Amino acid sequence: MSKHEPISIDAIKAMMNLSDEDLKKPLPVPTAWSQPFWDAAREHRLVLKRCSKCGNIDHPPYLYCTACQADEHEWIEASGKGTLFAYAINYFGVPFPFWADLPYALGMIDLAEGVRMISNIVDCDFEELENGMELEVVFDDVTDEVTLPKWRPVRK
Amino acid sequence: MERGEFAIIGTGEVPCGNYPQRSEFEIAYTVAREAIRDAGIDVKDIGAVLCAQHIMSNPDNDYNTEMVFGRLPEAIGARGCKITCMTSSGGASSFSLRKTAEGILHSGETDTVLVVHAQRFSTFTPNQQAKYFSVAGSDVEWEVPYGMTYNALAAMITQAYMNITGTTIEQVAAVCVANRRWAMLQPNAMFNHKEITVEKVVNARMVSYPLTTLMCNVLGDGGSAFIMTTAEKARKVCDKPVYVLGEASDYSHRTITRAGMKDFATMSEYLFPIAKTAFERSGLGPEDMDIYQIYGSYPCIQLIIMDALGMWEPGTTGALVEAGETSPGGKYPVTTNGEALSFGHTGTGVGIALLVESVRQLQGKAGKAQVQGARFLIENTGGGAFMDCHFTVLGNEIPG
Ligand SMILES: [Zn+2]
């Protein structure tokens, strides 16, 4: 898809005079109400916040239910199944910590539970990406502390 | 607001581009004086001074603090000033500033408001700009850790829109070409010296598939200003006031995944009632417009907003642009300053520049870009991750 030569991370580092700190990837900083999501991700489980009063699922989760303002909630196990609504493939012009990963795919994933998520689509050829295709969750332990849920095509 | 209760009577603008030596204060003072002269008023008439928030302001460059604390009225000699304020709703700031001005005018405290925007990006390092702007439209907890960017957000919307409507990448590129043709007629545009072609746009470096560099906007230093008054005062001091005939707003989301419109092909279905309400309030319809001033920032968004006007079948506007109908000399002039893609992206100022150009068009002061005999136009703005939408119908007369 891109006929231009990629620019190496070393070239960018020298050109922009970047420190190692500048190349550190941003990680999620959980809030009190999102902590259970990230705790579960570390255990390679995908969970969603469901309101105990009205059944609404909020993702991203907020302090209280965005449908009825109730505090009472439970964290449910998501099926880990979804479909690809739309995608983009980053080739250039990304924050420097992601430069070494280029090119990489981002997608909007519609989860079976009805919420939508932005994540990376991994373990795939970009050519096979297709709107509506079935995806399944995978877990990427990006540090000892943080795991990011990502998605890949379902292999039949 | 009553129809035609408020009017804009003068504007000022500096060239947009790479001007590291030109401070935000120099821009603000310059555009303020130009707007005051253009409106033909006395500086002492100004009772309120409103500023747009500067993006990325920091302690070494504390324009925001100075403006919040009243630097501008003092510096320009606005001794009759009673009210100062800074307002921002990101890309939608032209609208929130104008609404604030309307509220102040409606209160009766003053009948003249000056609104100013100034921005400089070129003094920040590429790393600072990348850190700030690539992620400004994204959620820091849920999206940024995945390498999400503003361009990728627009790319996903474009990819979905093309997939659902059958719009081609050449048609998307044609929006960039049309915007560039308009910018070529604008002395203050950042990119006004070289035409581009669909082929060149499609074959430029891929940034975020399906968007190439020429489909992504470029940050520039710039600024503009306008003077707003009551219709009553406008008629006394100005030959050709530009009246606010109708406006309507809606907010959808912060995080794109929680957008009210789940399907971007039908994003126009979410936007359509907003445009319809603005038209109804103005007493005019889309077919009465001489110009369509669309703030999209990315080419596909321009198509989606055109889809929402009730003028063309949704999903067909790409073909209209490709046929040259929205370019200079076309049947439907769209975005006559070239907007973020070719005029330049000045942070909170993109919509303000488009509003200022709208006023120039309706005052017959748009120079080479002038749409002959323009009487009415619709203008839109929005901010964040396409969080909101505001449509405004402007006219140089109040229709009977
Ligand atoms: Zn609830």
# chains A, B, ... in the order shown; residues from 1 in each chain; ligands from 1

$ interface_residues --of "chain A" --to "chain B" --cutoff "6 Å" --atoms "only C-alpha atoms" --output "ChimeraX atom specification"
/A:2,26-28,86-92,95,116,119

$ write_last_selection --atoms "N, CA and C atoms" --output "mmCIF file, in the first residue's frame"
data_model
loop_
_atom_site.group_PDB
_atom_site.id
_atom_site.type_symbol
_atom_site.label_atom_id
_atom_site.label_comp_id
_atom_site.auth_asym_id
_atom_site.auth_seq_id
_atom_site.Cartn_x
_atom_site.Cartn_y
_atom_site.Cartn_z
ATOM 1 N N SER A 2 2.060 1.166 0.579
ATOM 2 C CA SER A 2 2.923 2.343 0.586
ATOM 3 C C SER A 2 4.131 2.075 -0.288
ATOM 4 N N PRO A 26 3.330 5.324 25.639
ATOM 5 C CA PRO A 26 2.335 5.702 26.648
ATOM 6 C C PRO A 26 1.541 4.461 27.071
ATOM 7 N N LEU A 27 1.293 4.339 28.359
ATOM 8 C CA LEU A 27 0.530 3.201 28.885
ATOM 9 C C LEU A 27 -0.740 3.724 29.540
ATOM 10 N N PRO A 28 -1.756 2.887 29.602
ATOM 11 C CA PRO A 28 -2.981 3.348 30.282
ATOM 12 C C PRO A 28 -2.712 3.610 31.755
ATOM 13 N N ALA A 86 -14.307 -0.891 11.112
ATOM 14 C CA ALA A 86 -13.496 -0.067 10.206
ATOM 15 C C ALA A 86 -12.051 -0.206 10.634
ATOM 16 N N TYR A 87 -11.127 0.120 9.726
ATOM 17 C CA TYR A 87 -9.719 0.032 10.107
ATOM 18 C C TYR A 87 -8.908 1.118 9.422
ATOM 19 N N ALA A 88 -7.709 1.317 9.945
ATOM 20 C CA ALA A 88 -6.720 2.219 9.341
ATOM 21 C C ALA A 88 -5.368 1.551 9.526
ATOM 22 N N ILE A 89 -4.435 1.849 8.641
ATOM 23 C CA ILE A 89 -3.089 1.304 8.803
ATOM 24 C C ILE A 89 -2.108 2.466 8.869
ATOM 25 N N ASN A 90 -1.507 2.633 10.018
ATOM 26 C CA ASN A 90 -0.558 3.734 10.186
ATOM 27 C C ASN A 90 0.784 3.386 9.534
ATOM 28 N N TYR A 91 1.234 4.286 8.641
ATOM 29 C CA TYR A 91 2.507 4.115 7.938
ATOM 30 C C TYR A 91 3.524 5.192 8.288
ATOM 31 N N PHE A 92 3.044 6.332 8.790
ATOM 32 C CA PHE A 92 3.908 7.509 8.891
ATOM 33 C C PHE A 92 3.242 8.511 9.836
ATOM 34 N N PRO A 95 3.246 9.162 16.806
ATOM 35 C CA PRO A 95 4.130 9.542 17.924
ATOM 36 C C PRO A 95 5.387 8.664 17.896
ATOM 37 N N ARG A 116 -18.285 -0.818 21.383
ATOM 38 C CA ARG A 116 -17.244 -0.666 20.361
ATOM 39 C C ARG A 116 -15.935 -0.306 21.050
ATOM 40 N N SER A 119 -8.576 -0.680 18.975
ATOM 41 C CA SER A 119 -7.435 -1.500 19.358
ATOM 42 C C SER A 119 -6.595 -1.776 18.120
#

$ residues_near_ligand --ligand "ligand 1" --cutoff "7 Å" --atoms "only C-alpha atoms and all ligand atoms" --output "list of chain:residue names"
A:Cys51, A:Ser52, A:Lys53, A:Cys54, A:Gly55, A:Asn56, A:Cys65, A:Thr66, A:Ala67, A:Cys68, A:Gln69, A:Ala70

$ residues_around --residues "Cys16 in chain B" --least-positions-apart "3" --cutoff "8 Å" --atoms "only C-alpha atoms" --output "list in words"
Asn188, Ala189, Met190, Gly220, Asp221, Gly222, Gly223, Phe343, Gly344 and Thr346 of chain B

$ write_last_selection --atoms "N, CA and C atoms" --output "PDB file, in the first residue's frame"
ATOM      1  N   ASN B 188      -3.859  34.860   1.939  1.00  0.00           N
ATOM      2  CA  ASN B 188      -3.382  34.461   3.264  1.00  0.00           C
ATOM      3  C   ASN B 188      -3.283  32.953   3.459  1.00  0.00           C
ATOM      4  N   ALA B 189      -3.585  32.173   2.422  1.00  0.00           N
ATOM      5  CA  ALA B 189      -3.549  30.711   2.578  1.00  0.00           C
ATOM      6  C   ALA B 189      -2.112  30.208   2.643  1.00  0.00           C
ATOM      7  N   MET B 190      -1.903  29.149   3.411  1.00  0.00           N
ATOM      8  CA  MET B 190      -0.577  28.545   3.565  1.00  0.00           C
ATOM      9  C   MET B 190      -0.126  27.897   2.254  1.00  0.00           C
ATOM     10  N   GLY B 220      -0.343  25.331  10.922  1.00  0.00           N
ATOM     11  CA  GLY B 220       0.252  26.592  10.504  1.00  0.00           C
ATOM     12  C   GLY B 220       0.042  27.667  11.555  1.00  0.00           C
ATOM     13  N   ASP B 221       0.898  28.696  11.524  1.00  0.00           N
ATOM     14  CA  ASP B 221       0.742  29.853  12.411  1.00  0.00           C
ATOM     15  C   ASP B 221      -0.225  30.828  11.745  1.00  0.00           C
ATOM     16  N   GLY B 222      -1.137  31.356  12.509  1.00  0.00           N
ATOM     17  CA  GLY B 222      -2.066  32.303  11.898  1.00  0.00           C
ATOM     18  C   GLY B 222      -3.015  32.891  12.915  1.00  0.00           C
ATOM     19  N   GLY B 223      -3.967  33.667  12.409  1.00  0.00           N
ATOM     20  CA  GLY B 223      -4.953  34.255  13.300  1.00  0.00           C
ATOM     21  C   GLY B 223      -5.921  35.134  12.537  1.00  0.00           C
ATOM     22  N   PHE B 343      -5.730  26.009   3.437  1.00  0.00           N
ATOM     23  CA  PHE B 343      -5.491  27.315   4.060  1.00  0.00           C
ATOM     24  C   PHE B 343      -4.484  27.138   5.190  1.00  0.00           C
ATOM     25  N   GLY B 344      -4.605  25.989   5.912  1.00  0.00           N
ATOM     26  CA  GLY B 344      -3.717  25.682   7.032  1.00  0.00           C
ATOM     27  C   GLY B 344      -4.526  25.485   8.305  1.00  0.00           C
ATOM     28  N   THR B 346      -4.853  26.051  12.051  1.00  0.00           N
ATOM     29  CA  THR B 346      -4.343  26.951  13.095  1.00  0.00           C
ATOM     30  C   THR B 346      -4.942  26.627  14.461  1.00  0.00           C
TER      31      THR B 346
END

$ atom_distance --atom1 "CA of His106 in chain B" --atom2 "CA of Glu2 in chain B"
10.3 Å

$ residues_around --residues "Glu313 in chain B" --least-positions-apart "5" --cutoff "12 Å" --atoms "only C-alpha atoms" --output "PyMOL selection string"
chain B and resi 165+265-266+268-269+272+303-308+318-320

$ atom_distance --atom1 "CA of Lys233 in chain B" --atom2 "CA of Gln363 in chain B"
16.6 Å

$ atom_distance --atom1 "CA of Gln171 in chain B" --atom2 "CA of Met311 in chain B"
18.3 Å

$ closest_residue --among "B:Val237, B:Ala92, B:Leu114, B:Ile169" --to "Gly80 in chain B" --atoms "only C-alpha atoms"
B:Leu114

$ residues_around --residues "Glu232 in chain B" --least-positions-apart "2" --cutoff "10 Å" --atoms "only C-alpha atoms" --output "ChimeraX atom specification"
/B:4-7,111,229-230,234-237

$ write_last_selection --atoms "N, CA, C and O atoms" --output "PDB file, in the first residue's frame"
ATOM      1  N   GLY B   4     -31.629  37.277  12.512  1.00  0.00           N
ATOM      2  CA  GLY B   4     -31.011  38.552  12.155  1.00  0.00           C
ATOM      3  C   GLY B   4     -30.832  39.513  13.313  1.00  0.00           C
ATOM      4  O   GLY B   4     -30.677  40.713  13.116  1.00  0.00           O
ATOM      5  N   GLU B   5     -30.815  39.005  14.558  1.00  0.00           N
ATOM      6  CA  GLU B   5     -30.655  39.877  15.728  1.00  0.00           C
ATOM      7  C   GLU B   5     -29.215  40.400  15.847  1.00  0.00           C
ATOM      8  O   GLU B   5     -28.985  41.492  16.362  1.00  0.00           O
ATOM      9  N   PHE B   6     -28.257  39.603  15.358  1.00  0.00           N
ATOM     10  CA  PHE B   6     -26.841  39.969  15.473  1.00  0.00           C
ATOM     11  C   PHE B   6     -26.184  39.996  14.102  1.00  0.00           C
ATOM     12  O   PHE B   6     -26.631  39.306  13.177  1.00  0.00           O
ATOM     13  N   ALA B   7     -25.110  40.773  14.010  1.00  0.00           N
ATOM     14  CA  ALA B   7     -24.413  40.870  12.728  1.00  0.00           C
ATOM     15  C   ALA B   7     -22.915  40.981  12.942  1.00  0.00           C
ATOM     16  O   ALA B   7     -22.451  41.474  13.976  1.00  0.00           O
ATOM     17  N   ASP B 111     -22.876  46.946  22.876  1.00  0.00           N
ATOM     18  CA  ASP B 111     -23.401  46.575  21.554  1.00  0.00           C
ATOM     19  C   ASP B 111     -22.275  46.237  20.569  1.00  0.00           C
ATOM     20  O   ASP B 111     -22.514  46.082  19.380  1.00  0.00           O
ATOM     21  N   THR B 229     -21.882  42.879  16.357  1.00  0.00           N
ATOM     22  CA  THR B 229     -22.735  43.888  16.981  1.00  0.00           C
ATOM     23  C   THR B 229     -24.207  43.465  16.867  1.00  0.00           C
ATOM     24  O   THR B 229     -24.529  42.464  16.249  1.00  0.00           O
ATOM     25  N   THR B 230     -25.054  44.298  17.446  1.00  0.00           N
ATOM     26  CA  THR B 230     -26.483  44.098  17.245  1.00  0.00           C
ATOM     27  C   THR B 230     -26.832  44.540  15.821  1.00  0.00           C
ATOM     28  O   THR B 230     -26.147  45.378  15.230  1.00  0.00           O
ATOM     29  N   ALA B 234     -25.402  47.635  13.642  1.00  0.00           N
ATOM     30  CA  ALA B 234     -24.765  47.262  12.376  1.00  0.00           C
ATOM     31  C   ALA B 234     -25.291  48.119  11.231  1.00  0.00           C
ATOM     32  O   ALA B 234     -24.536  48.610  10.400  1.00  0.00           O
ATOM     33  N   ARG B 235     -26.580  48.309  11.196  1.00  0.00           N
ATOM     34  CA  ARG B 235     -27.181  49.085  10.105  1.00  0.00           C
ATOM     35  C   ARG B 235     -26.728  50.546  10.133  1.00  0.00           C
ATOM     36  O   ARG B 235     -26.649  51.201   9.103  1.00  0.00           O
ATOM     37  N   LYS B 236     -26.428  51.051  11.333  1.00  0.00           N
ATOM     38  CA  LYS B 236     -25.983  52.446  11.456  1.00  0.00           C
ATOM     39  C   LYS B 236     -24.553  52.645  10.976  1.00  0.00           C
ATOM     40  O   LYS B 236     -24.218  53.672  10.397  1.00  0.00           O
ATOM     41  N   VAL B 237     -23.685  51.658  11.266  1.00  0.00           N
ATOM     42  CA  VAL B 237     -22.254  51.882  11.026  1.00  0.00           C
ATOM     43  C   VAL B 237     -21.691  51.156   9.805  1.00  0.00           C
ATOM     44  O   VAL B 237     -20.562  51.409   9.409  1.00  0.00           O
TER      45      VAL B 237
END

$ residues_around --residues "range 36-39 of chain A" --least-positions-apart "2" --cutoff "8 Å" --atoms "only C-alpha atoms" --output "VMD selection string"
chain A and resid 30 33 to 34 41 to 43 46 to 48 75 146 to 147

$ select_by_dssp --residues "chain A" --states "alpha helix (DSSP H)" --output "VMD selection string"
chain A and resid 9 to 16 35 to 42
